[in-house]
$ cat run36.txt   # compact mmCIF, C-alpha atoms
# COMPACT_ATOMS: atom_id res chain seq x y z
CA MET A 1 -73.45 2.00 -93.50
CA LYS A 2 -74.56 4.68 -95.96
CA ARG A 3 -73.31 7.24 -98.47
CA VAL A 4 -74.62 10.58 -97.23
CA ILE A 5 -76.21 13.16 -99.50
CA ALA A 6 -75.43 16.47 -97.80
CA LEU A 7 -78.37 18.77 -97.02
CA GLY A 8 -78.24 22.39 -98.01
CA ALA A 9 -78.68 23.33 -94.34
CA LEU A 10 -78.84 21.21 -91.26
CA LEU A 11 -82.51 20.47 -90.72
CA ALA A 12 -81.98 20.03 -87.03
CA ALA A 13 -81.26 23.69 -86.44
CA ASN A 14 -84.92 24.46 -87.12
CA LEU A 15 -86.59 21.56 -85.33
CA LEU A 16 -89.60 22.50 -83.25
CA PRO A 17 -90.13 21.09 -79.75
CA LEU A 18 -91.90 17.75 -79.74
CA PRO A 19 -95.26 17.25 -78.06
CA LEU A 20 -94.89 15.86 -74.57
CA ALA A 21 -96.16 12.49 -75.76
CA HIS A 22 -92.98 12.07 -77.78
CA ALA A 23 -90.47 13.68 -75.46
CA THR A 24 -88.11 11.31 -73.72
CA GLY A 25 -86.47 13.70 -71.29
CA THR A 26 -82.88 13.06 -70.29
CA PRO A 27 -80.95 10.88 -72.76
CA GLN A 28 -80.87 7.31 -71.49
CA ASP A 29 -78.48 5.59 -73.89
CA LYS A 30 -74.88 5.17 -72.88
CA GLY A 31 -71.54 4.97 -74.62
CA PRO A 32 -68.46 7.17 -74.96
CA GLN A 33 -69.85 9.31 -77.76
CA ALA A 34 -73.45 9.32 -76.59
CA ALA A 35 -73.01 10.13 -72.92
CA HIS A 36 -69.47 11.20 -72.18
CA SER A 37 -67.76 12.94 -75.09
CA LEU A 38 -70.37 15.21 -76.65
CA PRO A 39 -70.63 18.83 -75.56
CA ALA A 40 -73.98 19.68 -74.01
CA ASP A 41 -75.29 21.48 -77.10
CA LYS A 42 -74.47 18.57 -79.39
CA ALA A 43 -75.88 16.03 -76.95
CA THR A 44 -79.14 18.01 -76.86
CA LEU A 45 -79.26 18.27 -80.64
CA ARG A 46 -78.62 14.53 -80.97
CA GLU A 47 -81.46 13.73 -78.59
CA ARG A 48 -83.87 16.02 -80.42
CA LEU A 49 -82.98 14.51 -83.79
CA PHE A 50 -83.70 10.99 -82.57
CA GLN A 51 -86.93 12.07 -80.87
CA HIS A 52 -88.18 13.62 -84.11
CA LEU A 53 -87.07 10.58 -86.12
CA ALA A 54 -89.05 8.26 -83.86
CA ALA A 55 -92.09 10.53 -84.16
CA ALA A 56 -91.92 11.06 -87.95
CA ALA A 57 -95.41 10.69 -89.43
CA THR A 58 -94.35 10.05 -93.03
CA GLU A 59 -91.45 8.50 -94.86
CA ALA A 60 -90.56 11.86 -96.41
CA GLN A 61 -90.18 13.40 -92.95
CA ALA A 62 -88.13 10.44 -91.79
CA ARG A 63 -85.77 10.64 -94.77
CA ALA A 64 -85.05 14.32 -94.08
CA LEU A 65 -84.31 13.55 -90.44
CA GLU A 66 -82.22 10.53 -91.41
CA ASP A 67 -80.06 12.75 -93.63
CA ALA A 68 -79.73 15.30 -90.84
CA ILE A 69 -78.54 12.57 -88.46
CA TRP A 70 -76.00 11.26 -90.97
CA ASN A 71 -74.66 14.81 -91.35
CA PHE A 72 -74.56 15.17 -87.58
CA TRP A 73 -72.53 11.97 -87.25
CA LEU A 74 -70.09 13.02 -89.95
CA ASP A 75 -69.69 16.46 -88.40
CA LEU A 76 -68.45 14.87 -85.17
CA ALA A 77 -65.05 14.41 -86.81
CA PRO A 78 -62.53 15.95 -84.39
CA ASN A 79 -60.70 17.91 -87.09
CA GLY A 80 -60.75 18.72 -90.77
CA GLU A 81 -58.10 16.20 -91.72
CA VAL A 82 -60.04 13.27 -90.27
CA ARG A 83 -63.24 14.47 -91.94
CA THR A 84 -61.38 14.74 -95.24
CA PHE A 85 -60.14 11.15 -94.91
CA VAL A 86 -63.72 9.96 -94.43
CA ASP A 87 -65.13 12.07 -97.25
CA GLN A 88 -62.41 10.90 -99.61
CA ALA A 89 -62.98 7.31 -98.56
CA MET A 90 -66.68 7.58 -99.43
CA ASP A 91 -65.76 9.07 -102.80
CA ARG A 92 -63.32 6.22 -103.44
CA ARG A 93 -66.01 3.74 -102.50
CA GLU A 94 -68.37 5.26 -105.04
CA ALA A 95 -65.59 4.72 -107.61
CA TYR A 96 -65.25 1.07 -106.48
CA ASP A 97 -61.71 1.75 -105.27
CA PHE A 98 -62.27 -0.14 -102.04
CA ALA A 99 -58.60 -0.67 -101.18
CA THR A 100 -57.85 3.07 -101.19
CA ALA A 101 -61.06 3.75 -99.27
CA GLU A 102 -60.05 1.32 -96.54
CA ASP A 103 -56.56 2.82 -96.34
CA LEU A 104 -58.05 6.28 -95.86
CA LEU A 105 -60.36 5.03 -93.12
CA ASP A 106 -57.45 3.28 -91.43
CA ARG A 107 -55.80 6.69 -91.21
CA ALA A 108 -58.96 8.31 -89.89
CA ILE A 109 -59.33 5.68 -87.17
CA GLU A 110 -55.68 5.92 -86.22
CA GLN A 111 -56.05 9.67 -85.66
CA ALA A 112 -59.55 9.55 -84.15
CA PRO A 113 -60.26 6.19 -82.49
CA ASN A 114 -63.40 7.57 -80.81
CA TYR A 115 -65.00 8.81 -84.04
CA ALA A 116 -67.87 6.40 -84.60
CA GLU A 117 -68.49 7.25 -88.23
CA ALA A 118 -64.97 6.29 -89.29
CA TRP A 119 -65.53 2.81 -87.83
CA ASN A 120 -68.95 2.54 -89.46
CA GLN A 121 -67.66 3.58 -92.87
CA ARG A 122 -64.76 1.15 -92.66
CA ALA A 123 -67.20 -1.60 -91.74
CA PHE A 124 -69.07 -0.89 -94.97
CA ILE A 125 -65.85 -1.10 -96.99
CA ARG A 126 -64.86 -4.35 -95.30
CA PHE A 127 -68.31 -5.78 -96.01
CA LEU A 128 -67.93 -4.86 -99.67
CA ARG A 129 -64.52 -6.57 -99.66
CA ASP A 130 -66.07 -9.74 -98.16
CA ASN A 131 -64.24 -9.28 -94.86
CA ASP A 132 -67.26 -10.08 -92.71
CA GLU A 133 -65.28 -10.67 -89.53
CA GLY A 134 -63.56 -7.30 -89.84
CA ALA A 135 -66.83 -5.58 -90.74
CA GLU A 136 -68.57 -7.03 -87.68
CA ALA A 137 -65.75 -5.92 -85.39
CA ASP A 138 -65.89 -2.39 -86.78
CA ILE A 139 -69.66 -2.21 -86.44
CA LEU A 140 -69.52 -3.30 -82.81
CA ARG A 141 -66.96 -0.57 -82.11
CA ALA A 142 -69.15 2.01 -83.86
CA LEU A 143 -72.08 0.92 -81.69
CA GLU A 144 -70.00 1.26 -78.54
CA LEU A 145 -69.42 4.87 -79.51
CA GLU A 146 -72.93 5.59 -80.87
CA PRO A 147 -75.50 3.14 -79.49
CA LYS A 148 -78.29 4.59 -81.65
CA HIS A 149 -76.43 4.16 -84.93
CA PHE A 150 -79.23 2.65 -86.99
CA GLY A 151 -76.90 2.47 -89.98
CA ALA A 152 -74.44 0.32 -88.09
CA LEU A 153 -77.26 -1.87 -86.76
CA SER A 154 -78.68 -2.40 -90.24
CA GLY A 155 -75.15 -3.11 -91.44
CA LEU A 156 -74.82 -5.70 -88.70
CA PHE A 157 -78.02 -7.28 -89.96
CA HIS A 158 -76.50 -7.69 -93.42
CA VAL A 159 -73.17 -8.99 -92.11
CA LEU A 160 -74.74 -11.54 -89.78
CA SER A 161 -77.24 -12.62 -92.42
CA ARG A 162 -74.42 -13.35 -94.82
CA ARG A 163 -72.68 -15.32 -92.10
CA GLY A 164 -75.78 -17.45 -91.54
CA ARG A 165 -76.52 -16.03 -88.07
CA THR A 166 -80.15 -15.30 -88.84
CA GLU A 167 -81.49 -14.91 -85.31
CA ALA A 168 -78.79 -12.45 -84.29
CA ALA A 169 -79.18 -10.62 -87.60
CA ASN A 170 -82.91 -10.15 -87.06
CA ALA A 171 -82.31 -8.97 -83.50
CA ALA A 172 -79.96 -6.26 -84.82
CA LEU A 173 -82.53 -5.13 -87.39
CA ILE A 174 -85.29 -5.03 -84.79
CA GLU A 175 -83.14 -2.69 -82.69
CA ALA A 176 -82.46 -0.51 -85.73
CA VAL A 177 -86.18 -0.23 -86.53
CA LYS A 178 -86.97 0.68 -82.92
CA ILE A 179 -84.66 3.67 -83.36
CA HIS A 180 -85.65 4.47 -86.95
CA PRO A 181 -89.18 3.16 -87.64
CA TRP A 182 -88.94 4.16 -91.32
CA LEU A 183 -85.60 2.44 -91.97
CA LYS A 184 -85.52 1.14 -95.54
CA GLU A 185 -84.58 -2.36 -94.39
CA ARG A 186 -87.66 -2.55 -92.14
CA THR A 187 -89.50 -4.63 -94.73
CA MET A 188 -86.81 -7.30 -94.44
CA LEU A 189 -87.97 -8.18 -90.93
CA PRO A 190 -89.59 -11.62 -90.74
CA PRO A 191 -93.28 -11.89 -89.81
CA ASP A 192 -93.97 -11.51 -86.10
CA PRO A 193 -96.64 -14.11 -85.25
CA ASP A 194 -96.76 -13.04 -81.60
CA ALA A 195 -97.19 -9.35 -82.52
CA GLU A 196 -94.47 -8.35 -80.09
CA ARG A 197 -93.09 -5.71 -82.46
CA PRO A 198 -94.82 -2.58 -83.77
CA PRO A 199 -96.33 -3.02 -87.24
CA ILE A 200 -94.10 -2.12 -90.19
CA LYS A 201 -94.62 1.54 -91.08
CA GLY A 202 -95.22 2.79 -94.56
CA LYS A 203 -98.11 2.75 -96.98
CA GLU A 204 -97.99 4.39 -100.38
CA GLN A 205 -100.24 7.19 -99.16
CA ASP A 206 -97.79 7.97 -96.34
CA LEU A 207 -95.08 9.19 -98.73

$ encode --input "run36.txt" --output "structure tokens"
Amino acid sequence: MKRVIALGALLAANLLPLPLAHATGTPQDKGPQAAHSLPADKATLRERLFQHLAAAATEAQARALEDAIWNFWLDLAPNGEVRTFVDQAMDRREAYDFATAEDLLDRAIEQAPNYAEAWNQRAFIRFLRDNDEGAEADILRALELEPKHFGALSGLFHVLSRRGRTEAANAALIEAVKIHPWLKERTMLPPDPDAERPPIKGKEQDL
């Protein structure tokens, strides 16, 4: 759940091949958007973006890749009208006009029920309107469509935390950090006494 700052040019178009140590080969995650609906070129681009995000050496690199992924998700809108609904909804959200934003996202979802970002953005609006049940339902739908949606997973962490479901909330955030090791919410993870998770990334000198 995030307001995207558009990049001047899509970073992903100029990504270099990863070293073999970071390559994952054929995409393994499943879901309508991830495995079945994307054209081959977009599926390849998606995989490369996530590979580079996982391998990012600094927070600055990770932020650039994060923005590229948000742009990629938004650009999956099936037509200009649906994309306009989502863009306008995000603008209305910035103006604290949450009711209009949700109405616009309702229209986007009605026209494009397989567009993950419309569900994710509506989840954010519903969270802001204290509709936690609706927000959770929208997030789960977004994750069905885009299993690697670290924004939806971090949103699920916030929703479940507010509902008092701490264990499930932490599990969602752990999954998000596995996908995006530099996720801003990573510092909200509880201590791991058994050291079963990777250490939290990010020292001041890494920026």

$ residues_around --input "run36.txt" --residues "A:Asp87" --least-positions-apart "6" --cutoff "10 Å" --atoms "only C-alpha atoms" --output "MDAnalysis selection string"
chainID A and resid 3:4 74 81 93 101 104:105 118 121

$ atom_distance --input "run36.txt" --atom1 "atom CA of A:Val86" --atom2 "atom CA of A:Ala108"
6.8 Å

$ residues_around --input "run36.txt" --residues "A:Arg163" --least-positions-apart "6" --cutoff "12 Å" --atoms "only C-alpha atoms" --output "list in words"
Phe127, Asp130, Asn131, Asp132, Glu133, Ala135, Glu136, Leu156, Phe157 and Ala169 of chain A

$ write_last_selection --input "run36.txt" --atoms "C-alpha atoms" --output "PDB file, keeping the file's coordinate frame"
ATOM      1  CA  PHE A 127     -68.310  -5.780 -96.010  1.00  0.00           C
ATOM      2  CA  ASP A 130     -66.070  -9.740 -98.160  1.00  0.00           C
ATOM      3  CA  ASN A 131     -64.240  -9.280 -94.860  1.00  0.00           C
ATOM      4  CA  ASP A 132     -67.260 -10.080 -92.710  1.00  0.00           C
ATOM      5  CA  GLU A 133     -65.280 -10.670 -89.530  1.00  0.00           C
ATOM      6  CA  ALA A 135     -66.830  -5.580 -90.740  1.00  0.00           C
ATOM      7  CA  GLU A 136     -68.570  -7.030 -87.680  1.00  0.00           C
ATOM      8  CA  LEU A 156     -74.820  -5.700 -88.700  1.00  0.00           C
ATOM      9  CA  PHE A 157     -78.020  -7.280 -89.960  1.00  0.00           C
ATOM     10  CA  ALA A 169     -79.180 -10.620 -87.600  1.00  0.00           C
TER      11      ALA A 169
END

$ residues_around --input "run36.txt" --residues "A:Asp138" --least-positions-apart "6" --cutoff "12 Å" --atoms "all atoms listed in the file" --output "tab-separated table (two decimals) with C-alpha atoms, in the frame of the given file"
chain	number	residue	atom	x	y	z
A	1	MET	CA	-73.45	2.00	-93.50
A	102	GLU	CA	-60.05	1.32	-96.54
A	105	LEU	CA	-60.36	5.03	-93.12
A	106	ASP	CA	-57.45	3.28	-91.43
A	109	ILE	CA	-59.33	5.68	-87.17
A	113	PRO	CA	-60.26	6.19	-82.49
A	114	ASN	CA	-63.40	7.57	-80.81
A	115	TYR	CA	-65.00	8.81	-84.04
A	116	ALA	CA	-67.87	6.40	-84.60
A	117	GLU	CA	-68.49	7.25	-88.23
A	118	ALA	CA	-64.97	6.29	-89.29
A	119	TRP	CA	-65.53	2.81	-87.83
A	120	ASN	CA	-68.95	2.54	-89.46
A	121	GLN	CA	-67.66	3.58	-92.87
A	122	ARG	CA	-64.76	1.15	-92.66
A	123	ALA	CA	-67.20	-1.60	-91.74
A	124	PHE	CA	-69.07	-0.89	-94.97
A	125	ILE	CA	-65.85	-1.10	-96.99
A	126	ARG	CA	-64.86	-4.35	-95.30
A	127	PHE	CA	-68.31	-5.78	-96.01
A	131	ASN	CA	-64.24	-9.28	-94.86
A	132	ASP	CA	-67.26	-10.08	-92.71
A	144	GLU	CA	-70.00	1.26	-78.54
A	145	LEU	CA	-69.42	4.87	-79.51
A	152	ALA	CA	-74.44	0.32	-88.09
A	153	LEU	CA	-77.26	-1.87	-86.76
A	155	GLY	CA	-75.15	-3.11	-91.44
A	156	LEU	CA	-74.82	-5.70	-88.70
A	159	VAL	CA	-73.17	-8.99	-92.11

$ residues_around --input "run36.txt" --residues "stretch 178-191 of chain A" --least-positions-apart "3" --cutoff "7 Å" --atoms "all atoms listed in the file" --output "ChimeraX atom specification"
/A:53-54,59,62,148,150,170,174-175,200-201

$ closest_residue --input "run36.txt" --among "A:Gln111, A:His149, A:Val82, A:Arg162" --to "A:Arg46" --atoms "only C-alpha atoms"
A:His149

$ atom_distance --input "run36.txt" --atom1 "atom CA of A:Arg129" --atom2 "atom CA of A:Arg63"
27.8 Å

$ atom_distance --input "run36.txt" --atom1 "atom CA of A:Leu38" --atom2 "atom CA of A:Glu146"
10.8 Å
